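Asks: So I've got this file, query_35.cif, and it contains mmCIF, C-alpha atoms:
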data_start
#
loop_
_atom_site.label_atom_id
_atom_site.label_comp_id
_atom_site.auth_asym_id
_atom_site.auth_seq_id
_atom_site.Cartn_x
_atom_site.Cartn_y
_atom_site.Cartn_z
CA MET A 979 79.61 8.44 54.10
CA ASN A 980 79.23 4.69 54.59
CA GLY A 981 81.59 2.12 53.12
CA LEU A 982 79.34 1.16 50.20
CA VAL A 983 78.93 4.77 49.07
CA GLN A 984 82.69 5.33 49.34
CA LEU A 985 83.31 2.18 47.29
CA GLN A 986 80.92 3.38 44.57
CA ALA A 987 82.63 6.79 44.47
CA HIS A 988 86.03 5.18 43.89
CA ARG A 989 84.83 2.33 41.67
CA PRO A 990 86.56 3.47 38.43
CA LYS A 991 89.93 3.72 40.21
CA LEU A 992 89.37 0.40 41.94
CA LEU A 993 88.40 -1.27 38.68
CA THR A 994 91.59 0.04 37.09
CA GLY A 995 93.49 -1.34 40.08
CA LEU A 996 91.83 -4.74 39.65
CA VAL A 997 92.76 -4.86 35.97
CA LEU A 998 96.37 -3.96 36.77
CA PHE A 999 96.48 -6.52 39.61
CA ALA A 1000 95.10 -9.21 37.28
CA ALA A 1001 97.65 -8.27 34.61
CA VAL A 1002 100.49 -8.58 37.14
CA ALA A 1003 99.05 -11.89 38.35
CA LEU A 1004 98.99 -13.25 34.80
CA ILE A 1005 102.62 -12.41 34.02
CA PRO A 1006 104.51 -15.68 33.58
CA TYR A 1007 107.16 -15.17 36.25
CA GLY A 1008 109.22 -18.12 35.03
CA TRP A 1009 109.48 -16.52 31.59
CA LEU A 1010 110.38 -13.17 33.12
CA ALA A 1011 112.98 -14.92 35.30
CA GLU A 1012 114.57 -16.39 32.15
CA LEU A 1013 114.80 -12.93 30.57
CA TRP A 1014 115.98 -11.12 33.70
CA PRO A 1015 118.47 -13.14 35.76
CA LEU A 1016 118.29 -10.88 38.84
CA PHE A 1017 114.52 -11.33 38.96
CA GLY A 1018 115.06 -15.05 38.42
CA ALA A 1019 117.31 -15.21 41.49
CA VAL A 1020 114.62 -13.52 43.60
CA VAL A 1021 111.90 -15.84 42.28
CA ASP A 1022 114.08 -18.89 42.95
CA ALA A 1023 114.84 -17.68 46.47
CA LEU A 1024 111.16 -17.07 47.25
CA PHE A 1025 109.36 -19.87 45.41
CA SER A 1026 111.77 -22.76 44.87
CA ALA A 1027 110.19 -24.80 47.68
CA GLU A 1028 106.85 -26.42 46.77
CA TRP A 1029 105.16 -25.05 49.90
CA ALA A 1030 106.20 -21.50 48.89
CA HIS A 1031 104.79 -22.07 45.40
CA ILE A 1032 101.49 -23.19 46.95
CA VAL A 1033 101.38 -20.22 49.34
CA GLY A 1034 102.10 -17.94 46.39
CA HIS A 1035 99.15 -19.31 44.42
CA LEU A 1036 96.87 -19.15 47.46
CA GLY A 1037 97.87 -15.58 48.26
CA LEU A 1038 97.60 -14.37 44.70
CA PHE A 1039 94.11 -15.76 44.21
CA MET A 1040 92.97 -14.70 47.67
CA GLY A 1041 93.99 -11.18 46.62
CA LEU A 1042 92.23 -11.44 43.27
CA GLY A 1043 89.12 -12.91 44.90
CA THR A 1044 89.06 -10.13 47.48
CA ALA A 1045 89.36 -7.46 44.81
CA VAL A 1046 86.65 -9.02 42.66
CA LEU A 1047 84.18 -9.42 45.54
CA ALA A 1048 84.86 -5.93 46.87
CA LEU A 1049 84.20 -4.38 43.47
CA PHE A 1050 81.33 -6.66 42.49
CA PRO A 1051 79.51 -7.54 45.72
CA GLN A 1052 76.65 -9.16 43.78
CA LEU A 1053 79.02 -12.03 42.99
CA ARG A 1054 78.78 -13.07 46.66
CA TRP A 1055 75.40 -14.55 45.73
CA ARG A 1056 76.47 -15.88 42.32
CA PRO A 1057 79.16 -18.45 43.14
CA GLY A 1058 79.08 -20.04 39.69
CA LEU A 1059 79.92 -16.76 37.99
CA TYR A 1060 82.54 -15.87 40.62
CA PHE A 1061 84.34 -19.20 40.32
CA ALA A 1062 84.07 -19.14 36.51
CA LEU A 1063 85.86 -15.78 36.52
CA ILE A 1064 88.50 -16.97 38.99
CA LEU A 1065 89.13 -20.20 37.07
CA ALA A 1066 89.33 -18.28 33.79
CA LEU A 1067 92.06 -16.11 35.34
CA GLY A 1068 93.84 -19.20 36.66
CA MET A 1069 93.61 -20.96 33.30
CA ALA A 1070 94.91 -17.86 31.54
CA GLN A 1071 97.85 -17.77 33.94
CA GLU A 1072 98.67 -21.44 33.38
CA LEU A 1073 98.28 -21.13 29.60
CA LEU A 1074 100.63 -18.15 29.47
CA GLN A 1075 103.18 -20.14 31.47
CA LEU A 1076 102.87 -23.14 29.15
CA LEU A 1077 103.28 -20.99 26.06
CA THR A 1078 106.11 -18.75 27.25
CA PHE A 1079 108.54 -20.91 29.18
CA LYS A 1080 107.28 -24.38 30.08
CA HIS A 1081 106.77 -25.44 26.44
CA ARG A 1082 104.83 -28.58 27.26
CA ALA A 1083 101.25 -29.83 27.42
CA PHE A 1084 98.94 -29.25 30.37
CA ALA A 1085 99.95 -31.60 33.21
CA ALA A 1086 98.82 -32.70 36.68
CA ALA A 1087 100.96 -29.98 38.28
CA ASP A 1088 99.00 -27.34 36.35
CA LEU A 1089 95.72 -28.84 37.52
CA PHE A 1090 97.04 -28.75 41.09
CA ASP A 1091 97.86 -25.04 40.63
CA LEU A 1092 94.31 -24.38 39.38
CA LEU A 1093 92.83 -26.23 42.34
CA THR A 1094 95.06 -24.21 44.67
CA ASP A 1095 93.90 -21.00 42.98
CA ALA A 1096 90.27 -22.06 43.45
CA ALA A 1097 90.93 -22.93 47.10
CA GLY A 1098 92.37 -19.47 47.79
CA ALA A 1099 89.48 -17.76 46.03
CA GLY A 1100 87.05 -20.10 47.79
CA LEU A 1101 88.32 -19.14 51.24
CA VAL A 1102 87.79 -15.49 50.37
CA PHE A 1103 84.34 -16.25 48.97
CA LEU A 1104 83.28 -17.98 52.18
CA TYR A 1105 84.64 -15.13 54.28
CA PHE A 1106 82.83 -12.48 52.24
CA ARG A 1107 79.63 -14.45 52.08
CA HIS A 1108 79.43 -15.16 55.81
CA HIS A 1109 81.21 -12.23 57.46
CA ILE A 1110 81.20 -9.19 55.20
CA SER A 1111 77.56 -9.62 54.15
CA GLU A 1112 76.47 -9.73 57.81
CA VAL A 1113 78.10 -6.33 58.44
CA GLN A 1114 76.33 -4.56 55.58
#
Represent the structure from my file as structure tokens, please.

Replies:
Amino acid sequence: MNGLVQLQAHRPKLLTGLVLFAAVALIPYGWLAELWPLFGAVVDALFSAEWAHIVGHLGLFMGLGTAVLALFPQLRWRPGLYFALILALGMAQELLQLLTFKHRAFAAADLFDLLTDAAGAGLVFLYFRHHISEVQ
């Protein structure tokens, strides 16, 4: 059984996994850290430095981008739709943060986070488009 057939056989489970991954990605960790001090200490230890915050956004959206392109390979040839989906997820994440614990208007830092999200997803898009598509 080749990889594409295996992927199709497991698609419902993978789609459920993608939805759960997206839900976890959208959780406002700052809000959760306020409610749960032990979690807050872990978040502060891992992401208090700006570079760690950036790496976190890159990694999260590289993971989301990978999952989306693995489940929906046709999006490799529809970059507008792919990036619209990724940016919608990023905007949802930022909006949830603003509403739950930041309690302020959208700011330059939030735009930077969205651009970082797009950069992570863009790296994955380029990899899938140029390397994975050649293999299949």

Asks: Need to verify the contact set: segment 1086-1100 of chain A, 10 Å, all atoms listed in the file, exclusion of same-chain residues closer than 4 positions in sequence. Can you return it as a compact mmCIF listing (two decimals) with C-alpha atoms, in the coordinates of the input?

Replies:
# COMPACT_ATOMS: atom_id res chain seq x y z
CA HIS A 1031 104.79 -22.07 45.40
CA ILE A 1032 101.49 -23.19 46.95
CA VAL A 1033 101.38 -20.22 49.34
CA GLY A 1034 102.10 -17.94 46.39
CA HIS A 1035 99.15 -19.31 44.42
CA LEU A 1036 96.87 -19.15 47.46
CA GLY A 1037 97.87 -15.58 48.26
CA LEU A 1038 97.60 -14.37 44.70
CA PHE A 1039 94.11 -15.76 44.21
CA MET A 1040 92.97 -14.70 47.67
CA GLY A 1041 93.99 -11.18 46.62
CA LEU A 1042 92.23 -11.44 43.27
CA GLY A 1043 89.12 -12.91 44.90
CA THR A 1044 89.06 -10.13 47.48
CA VAL A 1046 86.65 -9.02 42.66
CA LEU A 1047 84.18 -9.42 45.54
CA PRO A 1057 79.16 -18.45 43.14
CA TYR A 1060 82.54 -15.87 40.62
CA PHE A 1061 84.34 -19.20 40.32
CA ALA A 1062 84.07 -19.14 36.51
CA ILE A 1064 88.50 -16.97 38.99
CA LEU A 1065 89.13 -20.20 37.07
CA ALA A 1066 89.33 -18.28 33.79
CA LEU A 1067 92.06 -16.11 35.34
CA GLY A 1068 93.84 -19.20 36.66
CA MET A 1069 93.61 -20.96 33.30
CA GLN A 1071 97.85 -17.77 33.94
CA GLU A 1072 98.67 -21.44 33.38
CA LEU A 1073 98.28 -21.13 29.60
CA GLN A 1075 103.18 -20.14 31.47
CA LEU A 1076 102.87 -23.14 29.15
CA LEU A 1104 83.28 -17.98 52.18
CA TYR A 1105 84.64 -15.13 54.28
CA PHE A 1106 82.83 -12.48 52.24

Asks: Which value, in Å to one decimal, gives the distance between atom CA of Ala1027 of chain A and atom CA of Ala1011 of chain A?

Replies: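 Atom-to-atom, atom CA of Ala1027 of chain A and atom CA of Ala1011 of chain A are spaced 16.1 Å apart.
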
Asks: Pick from A:Tyr1007, A:Lys1080, A:Val1102, A:Leu996: nearest to Ala1019 of chain A, with only C-alpha atoms counted?

Replies: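 Once distances to Ala1019 of chain A are computed over only C-alpha atoms, the minimum belongs to A:Tyr1007.
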
Asks: Quick one: distance from atom CA of Leu1074 of chain A to atom CA of Ile1005 of chain A in Å, one decimal?

Replies: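 The value is 7.6 Å.
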
Asks: Just to confirm, what's the straight-line distance from atom CA of Ala1030 of chain A to atom CA of Leu1010 of chain A in Å (one decimal)?

Replies: 18.3 Å

Asks: Using the structure just given, write a file holding N, CA and C atoms for segment 1003-1016 of chain A, as a PDB file, in the first residue's frame.

Replies:
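Resulting contents of part.pdb:
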ATOM      1  N   ALA A1003      -3.908  24.549  19.647  1.00  0.00           N
ATOM      2  CA  ALA A1003      -3.138  25.711  19.187  1.00  0.00           C
ATOM      3  C   ALA A1003      -3.864  27.020  19.477  1.00  0.00           C
ATOM      4  N   LEU A1004      -5.183  26.979  19.479  1.00  0.00           N
ATOM      5  CA  LEU A1004      -5.964  28.199  19.681  1.00  0.00           C
ATOM      6  C   LEU A1004      -6.171  28.555  21.144  1.00  0.00           C
ATOM      7  N   ILE A1005      -5.878  27.632  22.050  1.00  0.00           N
ATOM      8  CA  ILE A1005      -6.054  27.922  23.477  1.00  0.00           C
ATOM      9  C   ILE A1005      -5.185  29.114  23.857  1.00  0.00           C
ATOM     10  N   PRO A1006      -5.755  30.113  24.474  1.00  0.00           N
ATOM     11  CA  PRO A1006      -4.948  31.254  24.925  1.00  0.00           C
ATOM     12  C   PRO A1006      -4.124  30.855  26.163  1.00  0.00           C
ATOM     13  N   TYR A1007      -2.865  30.533  25.928  1.00  0.00           N
ATOM     14  CA  TYR A1007      -2.013  30.030  27.002  1.00  0.00           C
ATOM     15  C   TYR A1007      -1.807  31.049  28.117  1.00  0.00           C
ATOM     16  N   GLY A1008      -1.796  32.319  27.786  1.00  0.00           N
ATOM     17  CA  GLY A1008      -1.677  33.350  28.819  1.00  0.00           C
ATOM     18  C   GLY A1008      -2.866  33.341  29.762  1.00  0.00           C
ATOM     19  N   TRP A1009      -4.045  33.136  29.223  1.00  0.00           N
ATOM     20  CA  TRP A1009      -5.267  33.048  30.027  1.00  0.00           C
ATOM     21  C   TRP A1009      -5.219  31.809  30.903  1.00  0.00           C
ATOM     22  N   LEU A1010      -4.826  30.681  30.306  1.00  0.00           N
ATOM     23  CA  LEU A1010      -4.717  29.438  31.062  1.00  0.00           C
ATOM     24  C   LEU A1010      -3.664  29.564  32.163  1.00  0.00           C
ATOM     25  N   ALA A1011      -2.576  30.280  31.864  1.00  0.00           N
ATOM     26  CA  ALA A1011      -1.522  30.506  32.858  1.00  0.00           C
ATOM     27  C   ALA A1011      -2.037  31.333  34.031  1.00  0.00           C
ATOM     28  N   GLU A1012      -2.950  32.271  33.769  1.00  0.00           N
ATOM     29  CA  GLU A1012      -3.542  33.065  34.853  1.00  0.00           C
ATOM     30  C   GLU A1012      -4.425  32.204  35.747  1.00  0.00           C
ATOM     31  N   LEU A1013      -5.125  31.244  35.140  1.00  0.00           N
ATOM     32  CA  LEU A1013      -6.033  30.382  35.900  1.00  0.00           C
ATOM     33  C   LEU A1013      -5.305  29.271  36.643  1.00  0.00           C
ATOM     34  N   TRP A1014      -4.171  28.842  36.111  1.00  0.00           N
ATOM     35  CA  TRP A1014      -3.460  27.680  36.644  1.00  0.00           C
ATOM     36  C   TRP A1014      -1.999  28.081  36.860  1.00  0.00           C
ATOM     37  N   PRO A1015      -1.648  28.499  38.061  1.00  0.00           N
ATOM     38  CA  PRO A1015      -0.307  29.026  38.326  1.00  0.00           C
ATOM     39  C   PRO A1015       0.846  28.079  37.975  1.00  0.00           C
ATOM     40  N   LEU A1016       0.679  26.782  38.185  1.00  0.00           N
ATOM     41  CA  LEU A1016       1.748  25.845  37.831  1.00  0.00           C
ATOM     42  C   LEU A1016       1.998  25.862  36.318  1.00  0.00           C
TER      43      LEU A1016
END
